[in-house]
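Listing of input_29.cif; format and content: mmCIF, C-alpha atoms.
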data_model
#
loop_
_atom_site.label_atom_id
_atom_site.label_comp_id
_atom_site.auth_asym_id
_atom_site.auth_seq_id
_atom_site.Cartn_x
_atom_site.Cartn_y
_atom_site.Cartn_z
CA MET A 34 174.72 45.43 320.45
CA THR A 35 173.74 45.53 316.79
CA HIS A 36 176.07 43.96 314.26
CA ALA A 37 178.13 46.13 311.96
CA SER A 38 176.10 44.91 309.01
CA VAL A 39 173.29 47.05 310.31
CA PHE A 40 174.57 49.25 307.49
CA ARG A 41 174.72 46.49 304.92
CA GLY A 42 171.05 46.40 304.12
CA SER A 43 169.73 44.50 307.12
CA HIS A 44 169.14 47.62 309.18
CA LYS A 45 165.38 47.31 309.60
CA CYS A 46 165.70 43.62 310.46
CA THR A 47 168.06 43.98 313.37
CA THR A 48 166.48 47.07 314.82
CA MET A 49 163.01 45.53 314.63
CA ARG A 50 164.43 42.53 316.39
CA SER A 51 165.85 44.67 319.17
CA ASN A 52 162.59 46.58 319.57
CA SER A 53 160.62 43.39 319.99
CA ARG A 54 162.82 42.12 322.82
CA PRO A 55 160.85 42.43 326.02
CA CYS A 56 163.84 42.45 328.36
CA GLY A 57 165.00 45.83 327.06
CA GLN A 58 168.58 44.76 326.39
CA THR A 59 170.07 45.44 322.95
CA THR A 60 170.30 42.55 320.53
CA PRO A 61 173.56 40.62 320.80
CA LEU A 62 175.77 40.18 317.77
CA ALA A 63 174.83 38.06 314.75
CA SER A 64 171.08 38.22 315.19
CA ARG A 65 168.80 38.26 312.18
CA CYS A 66 165.06 38.04 311.90
CA TYR A 67 163.93 34.46 311.21
CA SER A 68 167.41 33.07 311.85
CA HIS A 69 167.60 30.04 314.12
CA ALA A 70 171.31 30.48 314.73
CA LYS A 71 172.30 30.56 318.38
CA VAL A 72 172.80 34.17 319.40
CA GLU A 73 176.21 34.87 320.93
CA THR A 74 176.13 36.51 324.35
CA ASP A 75 178.24 39.56 325.21
CA GLU A 76 180.47 37.41 327.40
CA GLU A 77 181.06 34.87 324.63
CA PHE A 78 181.84 37.69 322.22
CA ASP A 79 184.35 39.24 324.63
CA ALA A 80 185.96 35.87 325.38
CA ARG A 81 186.31 35.13 321.68
CA TRP A 82 188.15 38.38 321.07
CA VAL A 83 190.36 38.06 324.13
CA THR A 84 191.36 34.63 322.84
CA TYR A 85 191.99 36.01 319.36
CA PHE A 86 194.50 38.57 320.60
CA SER A 87 196.02 36.17 323.13
CA LYS A 88 197.45 33.93 320.43
CA PRO A 89 201.15 33.76 321.42
CA ASP A 90 202.42 33.85 317.84
CA ILE A 91 199.90 36.35 316.49
CA ASP A 92 201.30 38.20 313.50
CA ALA A 93 201.07 41.83 312.52
CA TRP A 94 198.42 41.20 309.88
CA GLU A 95 196.18 39.33 312.31
CA LEU A 96 196.53 42.15 314.84
CA LYS A 97 195.57 44.78 312.27
CA LYS A 98 192.74 42.65 310.86
CA GLY A 99 191.44 41.91 314.31
CA MET A 100 191.46 45.55 315.35
CA ASN A 101 189.83 46.70 312.12
CA THR A 102 187.09 44.10 312.44
CA LEU A 103 186.58 44.95 316.10
CA ILE A 104 186.33 48.66 315.38
CA GLY A 105 183.69 47.94 312.74
CA TYR A 106 181.23 46.68 315.35
CA ASP A 107 178.63 48.84 317.06
CA LEU A 108 180.39 48.72 320.42
CA VAL A 109 183.43 50.06 322.25
CA PRO A 110 185.64 47.07 323.09
CA GLU A 111 185.76 45.98 326.70
CA PRO A 112 188.92 46.73 328.70
CA LYS A 113 189.81 43.04 328.74
CA ILE A 114 189.77 42.84 324.96
CA LEU A 115 191.91 45.97 324.70
CA ASP A 116 194.29 44.57 327.33
CA SER A 117 194.72 41.44 325.22
CA ALA A 118 195.26 43.54 322.08
CA LEU A 119 197.84 45.76 323.81
CA ARG A 120 199.73 42.69 324.97
CA ALA A 121 199.69 41.41 321.39
CA CYS A 122 201.23 44.74 320.34
CA ARG A 123 203.89 44.19 323.00
CA ARG A 124 204.70 40.75 321.60
CA LEU A 125 204.98 42.30 318.14
CA ASN A 126 207.10 45.21 319.43
CA ASP A 127 204.50 47.55 317.96
CA LEU A 128 204.16 50.59 320.19
CA ALA A 129 202.63 52.64 317.37
CA SER A 130 199.68 50.26 317.07
CA ALA A 131 199.26 50.20 320.84
CA ILE A 132 198.84 53.97 320.96
CA ARG A 133 196.66 53.87 317.85
CA ILE A 134 194.34 51.40 319.57
CA LEU A 135 193.83 53.95 322.35
CA GLU A 136 193.09 56.67 319.79
CA ALA A 137 190.68 54.35 318.01
CA VAL A 138 188.60 53.54 321.09
CA LYS A 139 188.44 57.20 321.98
CA ASP A 140 187.08 57.89 318.52
CA LYS A 141 184.66 54.96 318.73
CA SER A 142 183.13 56.47 321.85
CA GLY A 143 181.90 59.34 319.73
CA PRO A 144 179.88 61.84 321.74
CA HIS A 145 179.98 59.66 324.87
CA LYS A 146 182.84 61.34 326.67
CA ASP A 147 182.64 59.12 329.75
CA ILE A 148 183.80 55.94 328.01
CA TYR A 149 187.45 56.80 327.25
CA PRO A 150 188.38 57.98 330.78
CA TYR A 151 186.81 54.78 332.13
CA LEU A 152 188.84 52.65 329.70
CA ILE A 153 192.09 54.43 330.59
CA GLN A 154 191.29 53.94 334.26
CA GLU A 155 190.75 50.20 333.74
CA LEU A 156 193.80 49.84 331.50
CA GLN A 157 196.14 51.89 333.73
CA PRO A 158 197.90 48.85 335.24
CA THR A 159 198.46 47.39 331.76
CA LEU A 160 199.65 50.71 330.34
CA ILE A 161 202.16 51.09 333.15
CA GLU A 162 203.33 47.46 332.92
CA LEU A 163 203.84 47.61 329.16
CA GLY A 164 205.16 51.18 329.17
CA ILE A 165 202.51 52.51 326.78
CA SER A 166 201.96 56.27 326.76
CA THR A 167 198.49 57.55 326.07
CA PRO A 168 197.92 59.98 323.18
CA GLU A 169 197.22 62.64 325.82
CA ASP A 170 200.65 62.05 327.42
CA LEU A 171 202.27 62.58 324.04
CA GLY A 172 200.18 65.66 323.20
CA MET A 173 198.76 63.77 320.23
CA ASP A 174 195.17 64.46 321.19
CA LYS A 175 195.47 68.12 320.18
CA LEU A 176 195.44 69.19 316.57
CA MET B 241 187.34 58.30 342.85
CA SER B 242 186.97 55.47 340.36
CA LEU B 243 184.65 55.88 337.40
CA ALA B 244 181.60 53.72 336.95
CA LYS B 245 181.36 51.53 333.87
CA PRO B 246 179.40 53.38 331.19
CA ALA B 247 177.27 51.76 328.49
CA MET B 248 179.61 50.62 325.75
CA ARG B 249 177.50 48.48 323.42
CA GLY B 250 174.85 49.29 320.88
CA LEU B 251 175.37 53.03 321.13
CA LEU B 252 174.90 53.64 317.41
CA GLY B 253 171.90 51.35 317.25
CA LYS B 254 170.31 53.25 320.11
CA ARG B 255 170.98 56.56 318.38
CA LEU B 256 169.55 55.36 315.08
CA ARG B 257 166.44 53.87 316.73
CA PHE B 258 165.83 57.31 318.20
CA HIS B 259 166.80 59.58 315.32
CA LEU B 260 165.80 57.67 312.18
CA PRO B 261 162.04 57.66 312.80
CA ILE B 262 162.28 61.37 313.54
CA ALA B 263 164.31 61.88 310.37
CA PHE B 264 161.77 60.00 308.25
CA ALA B 265 158.90 61.86 309.87
CA LEU B 266 160.55 65.25 309.31
CA SER B 267 161.30 64.38 305.66
CA LEU B 268 157.66 63.49 305.11
CA VAL B 269 156.61 66.72 306.79
CA ALA B 270 159.04 68.68 304.59
CA ALA B 271 157.68 67.00 301.47
CA ALA B 272 154.09 67.63 302.53
CA ALA B 273 154.88 71.24 303.40
CA PHE B 274 156.47 71.80 299.98
CA LYS B 275 153.57 70.12 298.20
CA TYR B 276 150.86 72.10 299.94
CA GLY B 277 152.85 75.30 300.38
CA VAL B 278 154.37 75.57 296.91
CA THR B 279 153.23 73.13 294.25
CA GLU B 280 149.48 73.17 294.97
CA PRO B 281 149.24 77.00 295.12
CA ARG B 282 151.30 77.14 291.93
CA LYS B 283 149.02 74.71 290.14
CA GLN B 284 145.99 76.64 291.38
CA ALA B 285 147.49 79.93 290.13
CA TYR B 286 147.94 78.44 286.67
CA ALA B 287 144.42 76.99 286.70
CA ASP B 288 142.95 80.34 287.76
CA PHE B 289 144.90 82.17 285.09
CA TYR B 290 143.78 79.90 282.30
CA LYS B 291 140.17 79.66 283.47
CA GLN B 292 139.50 83.20 282.17
CA TYR B 293 142.00 83.10 279.30
CA ASP B 294 140.69 84.20 275.93
CA THR B 295 142.97 82.47 273.43
CA THR B 296 141.74 84.33 270.36
CA LYS B 297 142.04 87.76 271.97
CA GLU B 298 145.54 87.03 273.23
CA PHE B 299 146.56 85.59 269.84
CA ASN B 300 145.45 88.80 268.14
CA ASN B 301 147.32 90.92 270.68
CA MET B 302 150.47 88.92 270.02
CA ARG B 303 149.92 89.14 266.28
CA GLU B 304 149.63 92.93 266.40
CA ALA B 305 152.74 93.06 268.57
CA GLY B 306 154.58 91.40 265.69
CA VAL B 307 156.05 88.48 267.54
CA PHE B 308 154.93 85.86 265.03
CA GLU B 309 156.66 84.89 261.82
CA SER B 310 153.85 82.79 260.44
CA VAL B 311 151.28 85.60 260.47
CA ARG B 312 152.00 89.28 259.92
CA PRO B 313 150.13 91.98 261.84
CA THR B 314 146.85 92.97 260.14
CA GLY B 315 146.90 96.17 258.15
CA LYS B 316 149.95 97.54 256.45
#

Would you mind giving the structure from this file in structure tokens?
Amino acid sequence: MTHASVFRGSHKCTTMRSNSRPCGQTTPLASRCYSHAKVETDEEFDARWVTYFSKPDIDAWELKKGMNTLIGYDLVPEPKILDSALRACRRLNDLASAIRILEAVKDKSGPHKDIYPYLIQELQPTLIELGISTPEDLGMDKL
Amino acid sequence: MSLAKPAMRGLLGKRLRFHLPIAFALSLVAAAAFKYGVTEPRKQAYADFYKQYDTTKEFNNMREAGVFESVRPTGK
């Protein structure tokens, strides 16, 4: 996955880096040409974000900041990250944000219409447990 | 039937890697097409016009037509 700052002037750097990778996988986050920093793997990235949202006393600001940062990346968050975020919403009694998170990941998928149904399928147990309605249930997906 | 996990990372990067070179190439083609389709013919047309241009003859035609203030038409 290419970092969000692909738009902040380092575009050619990160894409060149991804093109030169022989294994054909996309460049993980925080990779720059000539940088010796250890590149974070997808699993480490996911684990970091699951931990972020799992903080028992997370506050509303941290939830919003976390989600905004996460949405800024060139990826659709994994179900386990979203599960952790939805549980954080539950701890904060914030149903509105929970539903908004679902809308956000649908939007993040862009033209790839197969991502959102997959996410809902994976999150179904969590949605039922926490009593979260999807935007489709509420008719909020239509204009 | 449960859905398979789709690709979820690097989707924009993939799209840009595909579309940006095409975009740059098409822009260059558009610029080249405009240069050789419009500006070069235009420049050539001007060059051809002025190659055979008789400045004195045209000046006198304009003078007789009365468009100048600095010189009056010859005669009355």

>> Quick check: residues of chain B within 7 Å of chain A, only C-alpha atoms, returned as a PyMOL selection string.
In response: chain B and resi 243+245-246+248-253

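Considering all atoms listed in the file, the residue among A:Arg120, A:Ala70, A:Lys98, A:Ser64 positioned nearest to Val83 in chain A is A:Arg120.
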
Residue IDs satisfying the PyMOL selection byres ((chain A and resi 157) around 12), as a compact mmCIF listing (two decimals) with C-alpha atoms, in the coordinates of the input:
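The result, stored in selection-v6.txt:
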# COMPACT_ATOMS: atom_id res chain seq x y z
CA PRO A 112 188.92 46.73 328.70
CA LYS A 113 189.81 43.04 328.74
CA LEU A 115 191.91 45.97 324.70
CA ASP A 116 194.29 44.57 327.33
CA LEU A 119 197.84 45.76 323.81
CA LEU A 135 193.83 53.95 322.35
CA TYR A 149 187.45 56.80 327.25
CA PRO A 150 188.38 57.98 330.78
CA TYR A 151 186.81 54.78 332.13
CA LEU A 152 188.84 52.65 329.70
CA ILE A 153 192.09 54.43 330.59
CA GLN A 154 191.29 53.94 334.26
CA GLU A 155 190.75 50.20 333.74
CA LEU A 156 193.80 49.84 331.50
CA PRO A 158 197.90 48.85 335.24
CA THR A 159 198.46 47.39 331.76
CA LEU A 160 199.65 50.71 330.34
CA ILE A 161 202.16 51.09 333.15
CA GLU A 162 203.33 47.46 332.92
CA LEU A 163 203.84 47.61 329.16
CA GLY A 164 205.16 51.18 329.17
CA ILE A 165 202.51 52.51 326.78
CA SER A 166 201.96 56.27 326.76
CA THR A 167 198.49 57.55 326.07
CA SER B 242 186.97 55.47 340.36

> Quick one: of A:Leu171, A:Ala121, A:Tyr85, A:Trp94, who's nearest to Glu136 in chain A, counting only C-alpha atoms?
Replying inline: A:Leu171

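Across the model, the gap from CA of Met173 in chain A to CA of Arg123 in chain A is 20.4 Å.
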
> Between A:Ala129, A:Ala93, A:Leu176, A:Met100, which has the minimum distance to Ile114 in chain A (counting only C-alpha atoms)?
Replying inline: A:Met100

> Around (200.2, 46.1, 318.9) in the file's frame, which residues reach within 10 Å when counting all atoms listed in the file? Return as a list in words?
Replying inline: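 Within the cut-off we find Phe86, Asp92, Ala93, Leu96, Lys97, Met100, Ser117, Ala118, Leu119, Arg120, Ala121, Cys122, Arg123, Arg124, Leu125, Asn126, Asp127, Leu128, Ala129, Ser130, Ala131, Ile132, Arg133 and Ile134 of chain A.
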
>> Between CA of Glu169 in chain A and CA of Ala244 in chain B, what distance in Å does the model show, to one decimal?
In response: 21.2 Å

>> As an exercise, work out the distance from CA of Lys297 in chain B to CA of Thr314 in chain B in Å and give it to one decimal place.
In response: 13.8 Å

>> Let me make sure I understand: among A:Asp90, A:Asp140, A:Val72, A:Ala80, which one has the smallest atom-to-atom distance to Gly105 in chain A if we use only C-alpha atoms?
In response: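 That would be A:Asp140, the residue with the smallest distance to Gly105 in chain A.
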
>> What's around Arg312 in chain B at 12 Å? Count all atoms listed in the file, leave out sequence neighbours fewer than 6 positions away in its own chain, and write the answer as a PyMOL selection string.
In response: chain B and resi 299-306
